[in-house]
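Visitor: The structure that follows is given in the form of structure tokens.
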Number of protein chains: 2
Amino acid sequence: MERIGFIGLGIMGKPMAQNLLKAGYPLTVYNRSDGPIKELVDAGAAAAASPQAVAANADVVVTIVTDTPDVQQVLLGENGVIHTVAPDAVVIDMSTISPTATREIASVIQEKGASMLDAPVSGGEGGAIAGTLSIMVGGEEAVFNQCLPIFETLGKNIVHVGQSGAGQLTKLCNQIAVAVTNLAMSEALVFGAKAGLDLKKMQYAIQGGAAGSWQLSNLAPRVLERDFAPGFMVKLQQKDLRLVLQEADRLKLSLPATSLVHHLFHALESQGAGDEGTQALVRVLEQLAGVEVKQTG
Amino acid sequence: MERIGFIGLGIMGKPMAQNLLKAGYPLTVYNRSDGPIKELVDAGAAAAASPQAVAANADVVVTIVTDTPDVQQVLLGENGVIHTVAPDAVVIDMSTISPTATREIASVIQEKGASMLDAPVSGGEGGAIAGTLSIMVGGEEAVFNQCLPIFETLGKNIVHVGQSGAGQLTKLCNQIAVAVTNLAMSEALVFGAKAGLDLKKMQYAIQGGAAGSWQLSNLAPRVLERDFAPGFMVKLQQKDLRLVLQEADRLKLSLPATSLVHHLFHALESQGAGDEGTQALVRVLEQLAGVEVKQTG
């Protein structure tokens, strides 16, 4: 089995690394803070002192960190993967970052003779723990096929969507649909609340038909319980929408609803709710309407 | 079995009336134009010359016509149901109309000793033919229970959501979610097209997760085939969004995304596309972006 180097042991990365260990892959890990490193070492991983040290002993390097500059730092920065990556190694970036930056990073890595796949994920911490993530992969198909067993250890719905950057672009399509569908749910809920409906009955009546969505089925019940704990944090949704709108700016593309939801989320951030779950979006509409969305029955 | 009077043999009403006939209900029908009356009479229904004549021989009167004034006309107008409705009869309005007007009509009908349920449907012509409509019902629960066998002949997901008007309000929540989720899908598609993605792979990669919706699974494939035939017509979606926004105006409720999608649909209407399916919404964004959403693979 390939020796895997794993960089980024956050909410998503830690359980993913654990799943790779469980599947028997020899694993070397790196993380900015020490806490999660110890957990992985206790479970059988080796620890490395830098991304460069990770890459020195790896056939495949997986990165999953927060944003574009973080990926640039661990791959191309001082002590970065680029300084030791083997000529036939594969770098798999599973972060959600700029598609344009991804293509630039991939070409630098290719100059070293190595390959890069962009493979952002969807499915949240739950999917990372259960190994049921959706994974959208951009890059050479042969490299994708070579890495498929690794992806299958981490996820379920694994699709090679195109060349370098296509995984990130697909993830941005995903985030557009996620964010605007969340707004669809939020407006339906606040309308129902203001009109005095029994919201649980309303949701039950509409979710099975043309109004149905993952957002409505999964987030509306949390709103009705006034549970705003994060499945996916507002600030991370905003980071992804910023990537969408930067790319849309580059493409000269008008996305009126995506822009709208990004700005409505700003209101939450300005109120200190960036660490709450995206279902908190409904609270912005509640403030505009002077009503609270909750179960009354 | 109750003698049913049925008013409105349009795209939805005709197959619904046929299902009631097949289930064995004695049926008297009325429609503005003669064509569909003959079909129902050939299948065993009686024809009446006016709504008033329908109600004279019915225990239950079902109406399914286009808009609020049409319902007011057939129920309360000259030759309307109100003039002959029996004191213990039930009027079931399955049109999608103003919740406020519904409550006013219901109180006039109650003054005659009869009852009224508002029971708008979702599921389109296909659901009407198959008898699998979603039905959201407002009105007295005892009357709902009495009419349940009739609803079960017409639909599958049948929910009593509250008092008079609650069925219509729930349908409007449904239409908010339908329209804004359509916009979510449209923006994801136009972003993917402009970015040069293989759109079929993109859709496949995202539809199973948090981005998933009925709109994305059912309408995106039609867009990729450039099939804009109506499942649900733009002009009828607009009629329903007008009801939503009138009610929002009454409630002083801000629905930014619903307003946005209503105005984007205006662009289609101004181009003569009111009879096309709601998936034509993507064409407005295509015009803004100078790109066409289609399968390239």
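Labels for the structure tokens follow display order: chains A, B, ..., residues from 1 in each chain, ligands from 1.
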Name all residues at most 9 Å from Thr28 (chain B) (count only C-alpha atoms; drop same-chain ones fewer than 2 positions away) and give them as a PyMOL selection string.
Guide: chain B and resi 3-7+26+30+41+45-48+54-55+57-58
Visitor: May I have the residues of chain A within 6 Å of chain B, counting only C-alpha atoms, written as a PDB file with C-alpha atoms, in the first residue's frame?
Guide:
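Contents of iface08.pdb, as written:
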ATOM      1  CA  VAL A 159     -16.621  11.342  -9.315  1.00  0.00           C
ATOM      2  CA  VAL A 161     -15.221  15.478 -13.064  1.00  0.00           C
ATOM      3  CA  THR A 170     -17.635  21.434  -9.072  1.00  0.00           C
ATOM      4  CA  CYS A 173     -21.273  24.675  -7.985  1.00  0.00           C
ATOM      5  CA  ASN A 174     -22.157  22.545  -4.964  1.00  0.00           C
ATOM      6  CA  ILE A 176     -23.941  27.764  -4.868  1.00  0.00           C
ATOM      7  CA  ALA A 177     -26.735  25.200  -4.741  1.00  0.00           C
ATOM      8  CA  VAL A 178     -26.266  24.633  -0.992  1.00  0.00           C
ATOM      9  CA  VAL A 180     -29.273  29.376  -2.329  1.00  0.00           C
ATOM     10  CA  THR A 181     -31.336  26.305  -1.417  1.00  0.00           C
ATOM     11  CA  ALA A 184     -35.188  28.934  -0.286  1.00  0.00           C
ATOM     12  CA  MET A 185     -35.848  26.976   2.910  1.00  0.00           C
ATOM     13  CA  ALA A 188     -40.447  29.390   3.168  1.00  0.00           C
ATOM     14  CA  LYS A 201     -46.902  20.192   9.414  1.00  0.00           C
ATOM     15  CA  MET A 202     -45.996  22.642   6.658  1.00  0.00           C
ATOM     16  CA  ALA A 205     -46.517  18.564   3.633  1.00  0.00           C
ATOM     17  CA  ILE A 206     -44.041  20.093   1.178  1.00  0.00           C
ATOM     18  CA  ALA A 210     -40.993  19.677  -6.033  1.00  0.00           C
ATOM     19  CA  ALA A 211     -40.096  21.912  -3.066  1.00  0.00           C
ATOM     20  CA  GLY A 212     -37.973  19.176  -1.496  1.00  0.00           C
ATOM     21  CA  SER A 213     -34.252  19.476  -0.802  1.00  0.00           C
ATOM     22  CA  TRP A 214     -31.537  18.181   1.515  1.00  0.00           C
ATOM     23  CA  LEU A 253     -20.726  36.067 -14.441  1.00  0.00           C
ATOM     24  CA  ALA A 289     -39.734  40.259   9.620  1.00  0.00           C
TER      25      ALA A 289
END
Visitor: Run DSSP on the backbone of this structure and report the residues of region 160-278 of chain A it assigns to helix (DSSP H, G or I), as a ChimeraX atom specification.
Guide: /A:166-194,199-206,214-224,234-251,256-270,278
Visitor: Next, dump the selected residues to file, keeping only C-alpha atoms, as a tab-separated table (two decimals), in the first residue's frame.
Guide:
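To be explicit, this is the file written out as selection25.tsv:
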chain	number	residue	atom	x	y	z
A	166	ALA	CA	-12.55	20.85	-12.20
A	167	GLY	CA	-12.93	19.33	-8.73
A	168	GLN	CA	-12.77	22.78	-7.15
A	169	LEU	CA	-15.15	24.25	-9.73
A	170	THR	CA	-17.64	21.43	-9.07
A	171	LYS	CA	-17.35	22.06	-5.34
A	172	LEU	CA	-18.18	25.72	-5.98
A	173	CYS	CA	-21.27	24.68	-7.98
A	174	ASN	CA	-22.16	22.55	-4.96
A	175	GLN	CA	-21.79	25.53	-2.63
A	176	ILE	CA	-23.94	27.76	-4.87
A	177	ALA	CA	-26.74	25.20	-4.74
A	178	VAL	CA	-26.27	24.63	-0.99
A	179	ALA	CA	-26.37	28.33	-0.09
A	180	VAL	CA	-29.27	29.38	-2.33
A	181	THR	CA	-31.34	26.31	-1.42
A	182	ASN	CA	-30.75	27.23	2.23
A	183	LEU	CA	-32.24	30.64	1.44
A	184	ALA	CA	-35.19	28.93	-0.29
A	185	MET	CA	-35.85	26.98	2.91
A	186	SER	CA	-35.37	30.07	5.08
A	187	GLU	CA	-37.86	32.19	3.13
A	188	ALA	CA	-40.45	29.39	3.17
A	189	LEU	CA	-40.03	29.04	6.94
A	190	VAL	CA	-40.24	32.74	7.74
A	191	PHE	CA	-43.28	33.14	5.48
A	192	GLY	CA	-44.96	30.22	7.25
A	193	ALA	CA	-44.07	31.63	10.68
A	194	LYS	CA	-45.35	35.10	9.86
A	199	LEU	CA	-44.35	24.77	10.66
A	200	LYS	CA	-43.73	21.09	11.29
A	201	LYS	CA	-46.90	20.19	9.41
A	202	MET	CA	-46.00	22.64	6.66
A	203	GLN	CA	-42.54	21.14	6.26
A	204	TYR	CA	-43.93	17.61	6.26
A	205	ALA	CA	-46.52	18.56	3.63
A	206	ILE	CA	-44.04	20.09	1.18
A	214	TRP	CA	-31.54	18.18	1.51
A	215	GLN	CA	-31.50	21.61	3.14
A	216	LEU	CA	-35.26	21.54	3.85
A	217	SER	CA	-35.27	17.96	5.17
A	218	ASN	CA	-32.13	18.30	7.28
A	219	LEU	CA	-31.88	21.92	8.41
A	220	ALA	CA	-35.53	23.00	8.83
A	221	PRO	CA	-36.08	20.59	11.77
A	222	ARG	CA	-33.01	22.10	13.49
A	223	VAL	CA	-34.37	25.61	12.96
A	224	LEU	CA	-37.71	24.59	14.47
A	234	VAL	CA	-21.33	30.22	8.55
A	235	LYS	CA	-17.73	31.46	8.30
A	236	LEU	CA	-16.69	28.46	6.18
A	237	GLN	CA	-19.76	28.82	3.96
A	238	GLN	CA	-18.71	32.45	3.53
A	239	LYS	CA	-15.15	31.47	2.65
A	240	ASP	CA	-16.55	29.18	-0.08
A	241	LEU	CA	-18.99	31.82	-1.37
A	242	ARG	CA	-16.08	34.25	-1.54
A	243	LEU	CA	-14.30	31.74	-3.81
A	244	VAL	CA	-17.47	31.45	-5.93
A	245	LEU	CA	-17.83	35.21	-6.29
A	246	GLN	CA	-14.11	35.73	-7.03
A	247	GLU	CA	-14.35	33.14	-9.79
A	248	ALA	CA	-17.62	34.71	-11.01
A	249	ASP	CA	-15.84	38.09	-11.08
A	250	ARG	CA	-13.04	36.56	-13.17
A	251	LEU	CA	-15.63	34.99	-15.51
A	256	PRO	CA	-27.75	37.42	-8.22
A	257	ALA	CA	-29.02	34.91	-5.64
A	258	THR	CA	-25.56	33.73	-4.61
A	259	SER	CA	-24.50	37.36	-4.08
A	260	LEU	CA	-27.65	37.97	-2.08
A	261	VAL	CA	-27.15	35.04	0.28
A	262	HIS	CA	-23.48	35.97	0.77
A	263	HIS	CA	-24.56	39.44	1.88
A	264	LEU	CA	-27.29	38.12	4.14
A	265	PHE	CA	-24.68	35.89	5.81
A	266	HIS	CA	-22.57	39.03	6.37
A	267	ALA	CA	-25.29	40.24	8.71
A	268	LEU	CA	-24.84	37.10	10.82
A	269	GLU	CA	-21.07	37.51	10.83
A	270	SER	CA	-21.38	41.11	11.97
A	278	THR	CA	-25.57	27.77	8.19
Visitor: Pick out the residues sitting within 10 Å of Pro230 (chain B), and hand them over as an MDAnalysis selection string; count only C-alpha atoms, and ignore anything fewer than 5 positions along from it in its own chain.
Guide: chainID B and resid 124 274:280
Visitor: Quick one: everything within 6 Å of Ala106 (chain A), counting only C-alpha atoms, minus sequence neighbours fewer than 3 positions away in the same chain. Send it as an mmCIF file with all heavy atoms, in the first residue's frame.
Guide:
data_model
loop_
_atom_site.group_PDB
_atom_site.id
_atom_site.type_symbol
_atom_site.label_atom_id
_atom_site.label_comp_id
_atom_site.auth_asym_id
_atom_site.auth_seq_id
_atom_site.Cartn_x
_atom_site.Cartn_y
_atom_site.Cartn_z
ATOM 1 N N ARG A 103 -4.913 25.302 -10.266
ATOM 2 C CA ARG A 103 -4.239 25.000 -11.537
ATOM 3 C C ARG A 103 -2.801 25.495 -11.518
ATOM 4 O O ARG A 103 -1.903 24.837 -12.047
ATOM 5 C CB ARG A 103 -5.033 25.598 -12.700
ATOM 6 C CG ARG A 103 -6.301 24.782 -13.014
ATOM 7 C CD ARG A 103 -6.998 25.261 -14.278
ATOM 8 N NE ARG A 103 -7.630 26.557 -14.060
ATOM 9 C CZ ARG A 103 -8.951 26.755 -13.967
ATOM 10 N NH1 ARG A 103 -9.784 25.741 -14.102
ATOM 11 N NH2 ARG A 103 -9.428 27.961 -13.761
ATOM 12 N N ILE A 109 3.810 21.700 -9.276
ATOM 13 C CA ILE A 109 4.076 20.322 -8.822
ATOM 14 C C ILE A 109 4.458 19.423 -10.000
ATOM 15 O O ILE A 109 5.339 18.562 -9.889
ATOM 16 C CB ILE A 109 2.849 19.792 -8.036
ATOM 17 C CG1 ILE A 109 2.873 20.446 -6.639
ATOM 18 C CG2 ILE A 109 2.858 18.269 -7.930
ATOM 19 C CD1 ILE A 109 1.625 20.249 -5.839
ATOM 20 N N MET A 116 -0.802 16.179 -9.404
ATOM 21 C CA MET A 116 -1.714 16.727 -8.396
ATOM 22 C C MET A 116 -3.162 16.497 -8.796
ATOM 23 O O MET A 116 -3.532 16.660 -9.964
ATOM 24 C CB MET A 116 -1.479 18.229 -8.214
ATOM 25 C CG MET A 116 -2.453 18.847 -7.202
ATOM 26 S SD MET A 116 -1.909 20.469 -6.609
ATOM 27 C CE MET A 116 -3.426 21.068 -5.840
#
Visitor: Quick one: residues within 6 Å of Ala128 (chain A), only C-alpha atoms counted, chain neighbours fewer than 3 positions away excluded, as a count of residues only?
Guide: 6
Visitor: Pick out the residues sitting within 9 Å of region 145-147 of chain B, and hand them over as JSON, numbers by chain; count only C-alpha atoms, and ignore anything fewer than 4 positions along from it in its own chain.
Guide: {"B": [60, 90, 92, 140, 141, 151, 152, 160]}
Visitor: Taking C-alpha atoms for each residue, export the selection above as a tab-separated table (two decimals), in the first residue's frame.
Guide:
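Listed below is the output, result-v4.tsv:
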chain	number	residue	atom	x	y	z
B	60	VAL	CA	-69.26	17.48	-2.15
B	90	VAL	CA	-68.65	20.39	1.63
B	92	ILE	CA	-63.29	21.61	-1.54
B	140	GLU	CA	-62.12	21.90	10.15
B	141	GLU	CA	-60.42	18.62	11.03
B	151	PHE	CA	-58.34	12.95	-1.17
B	152	GLU	CA	-56.87	9.45	-1.11
B	160	HIS	CA	-54.26	18.53	7.29
Visitor: Could you pull the residues within 10 Å of Ala86 (chain B), counting only C-alpha atoms, minus those fewer than 2 positions along the same chain, as a ChimeraX atom specification?
Guide: /B:55-60,81-84,88-90,112-115
Visitor: Given the selection you just returned, output its residues as a file containing N, CA and C atoms, formatted as a PDB file, in the first residue's frame.
Guide:
ATOM      1  N   ALA B  55     -73.874  22.144  -7.972  1.00  0.00           N
ATOM      2  CA  ALA B  55     -74.039  22.090  -6.517  1.00  0.00           C
ATOM      3  C   ALA B  55     -75.412  21.572  -6.117  1.00  0.00           C
ATOM      4  N   ALA B  56     -76.396  21.744  -7.002  1.00  0.00           N
ATOM      5  CA  ALA B  56     -77.755  21.325  -6.680  1.00  0.00           C
ATOM      6  C   ALA B  56     -77.847  19.817  -6.479  1.00  0.00           C
ATOM      7  N   ASN B  57     -76.910  19.079  -7.065  1.00  0.00           N
ATOM      8  CA  ASN B  57     -76.969  17.617  -6.979  1.00  0.00           C
ATOM      9  C   ASN B  57     -75.711  17.012  -6.369  1.00  0.00           C
ATOM     10  N   ALA B  58     -75.073  17.736  -5.451  1.00  0.00           N
ATOM     11  CA  ALA B  58     -73.802  17.229  -4.940  1.00  0.00           C
ATOM     12  C   ALA B  58     -73.725  17.292  -3.422  1.00  0.00           C
ATOM     13  N   ASP B  59     -73.105  16.251  -2.841  1.00  0.00           N
ATOM     14  CA  ASP B  59     -72.780  16.286  -1.416  1.00  0.00           C
ATOM     15  C   ASP B  59     -71.449  17.010  -1.199  1.00  0.00           C
ATOM     16  N   VAL B  60     -70.570  16.848  -2.196  1.00  0.00           N
ATOM     17  CA  VAL B  60     -69.255  17.483  -2.149  1.00  0.00           C
ATOM     18  C   VAL B  60     -69.021  18.183  -3.487  1.00  0.00           C
ATOM     19  N   VAL B  81     -72.058  28.294  -7.035  1.00  0.00           N
ATOM     20  CA  VAL B  81     -72.368  27.190  -6.122  1.00  0.00           C
ATOM     21  C   VAL B  81     -73.191  27.660  -4.927  1.00  0.00           C
ATOM     22  N   ILE B  82     -72.898  28.868  -4.441  1.00  0.00           N
ATOM     23  CA  ILE B  82     -73.514  29.385  -3.218  1.00  0.00           C
ATOM     24  C   ILE B  82     -75.051  29.384  -3.277  1.00  0.00           C
ATOM     25  N   HIS B  83     -75.623  29.496  -4.481  1.00  0.00           N
ATOM     26  CA  HIS B  83     -77.080  29.630  -4.615  1.00  0.00           C
ATOM     27  C   HIS B  83     -77.832  28.332  -4.375  1.00  0.00           C
ATOM     28  N   THR B  84     -77.127  27.192  -4.488  1.00  0.00           N
ATOM     29  CA  THR B  84     -77.828  25.910  -4.347  1.00  0.00           C
ATOM     30  C   THR B  84     -77.141  24.954  -3.383  1.00  0.00           C
ATOM     31  N   ASP B  88     -75.505  20.788   4.474  1.00  0.00           N
ATOM     32  CA  ASP B  88     -74.486  19.888   5.025  1.00  0.00           C
ATOM     33  C   ASP B  88     -73.419  19.512   3.991  1.00  0.00           C
ATOM     34  N   ALA B  89     -73.387  20.227   2.878  1.00  0.00           N
ATOM     35  CA  ALA B  89     -72.413  19.917   1.828  1.00  0.00           C
ATOM     36  C   ALA B  89     -71.024  20.437   2.186  1.00  0.00           C
ATOM     37  N   VAL B  90     -70.027  19.917   1.467  1.00  0.00           N
ATOM     38  CA  VAL B  90     -68.649  20.389   1.629  1.00  0.00           C
ATOM     39  C   VAL B  90     -68.145  20.907   0.289  1.00  0.00           C
ATOM     40  N   LYS B 112     -74.197  29.547   4.853  1.00  0.00           N
ATOM     41  CA  LYS B 112     -75.237  28.690   4.263  1.00  0.00           C
ATOM     42  C   LYS B 112     -75.333  27.346   4.977  1.00  0.00           C
ATOM     43  N   GLY B 113     -74.485  27.144   6.020  1.00  0.00           N
ATOM     44  CA  GLY B 113     -74.503  25.873   6.742  1.00  0.00           C
ATOM     45  C   GLY B 113     -73.581  24.831   6.156  1.00  0.00           C
ATOM     46  N   ALA B 114     -72.966  25.139   5.028  1.00  0.00           N
ATOM     47  CA  ALA B 114     -72.035  24.197   4.409  1.00  0.00           C
ATOM     48  C   ALA B 114     -70.623  24.441   4.937  1.00  0.00           C
ATOM     49  N   SER B 115     -69.678  23.566   4.552  1.00  0.00           N
ATOM     50  CA  SER B 115     -68.286  23.699   4.999  1.00  0.00           C
ATOM     51  C   SER B 115     -67.374  23.876   3.798  1.00  0.00           C
TER      52      SER B 115
END
Visitor: Mind pulling up the distance from CA of Gln73 (chain B) to CA of Leu40 (chain B)?
Guide: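 Computed distance, CA of Leu40 (chain B) to CA of Gln73 (chain B), equals 22.5 Å.
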Visitor: What does the structure give for the distance between CA of Arg32 (chain B) and CA of Ala273 (chain B), in Å to one decimal?
Guide: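 Distance reported for this atom pair: 25.2 Å.
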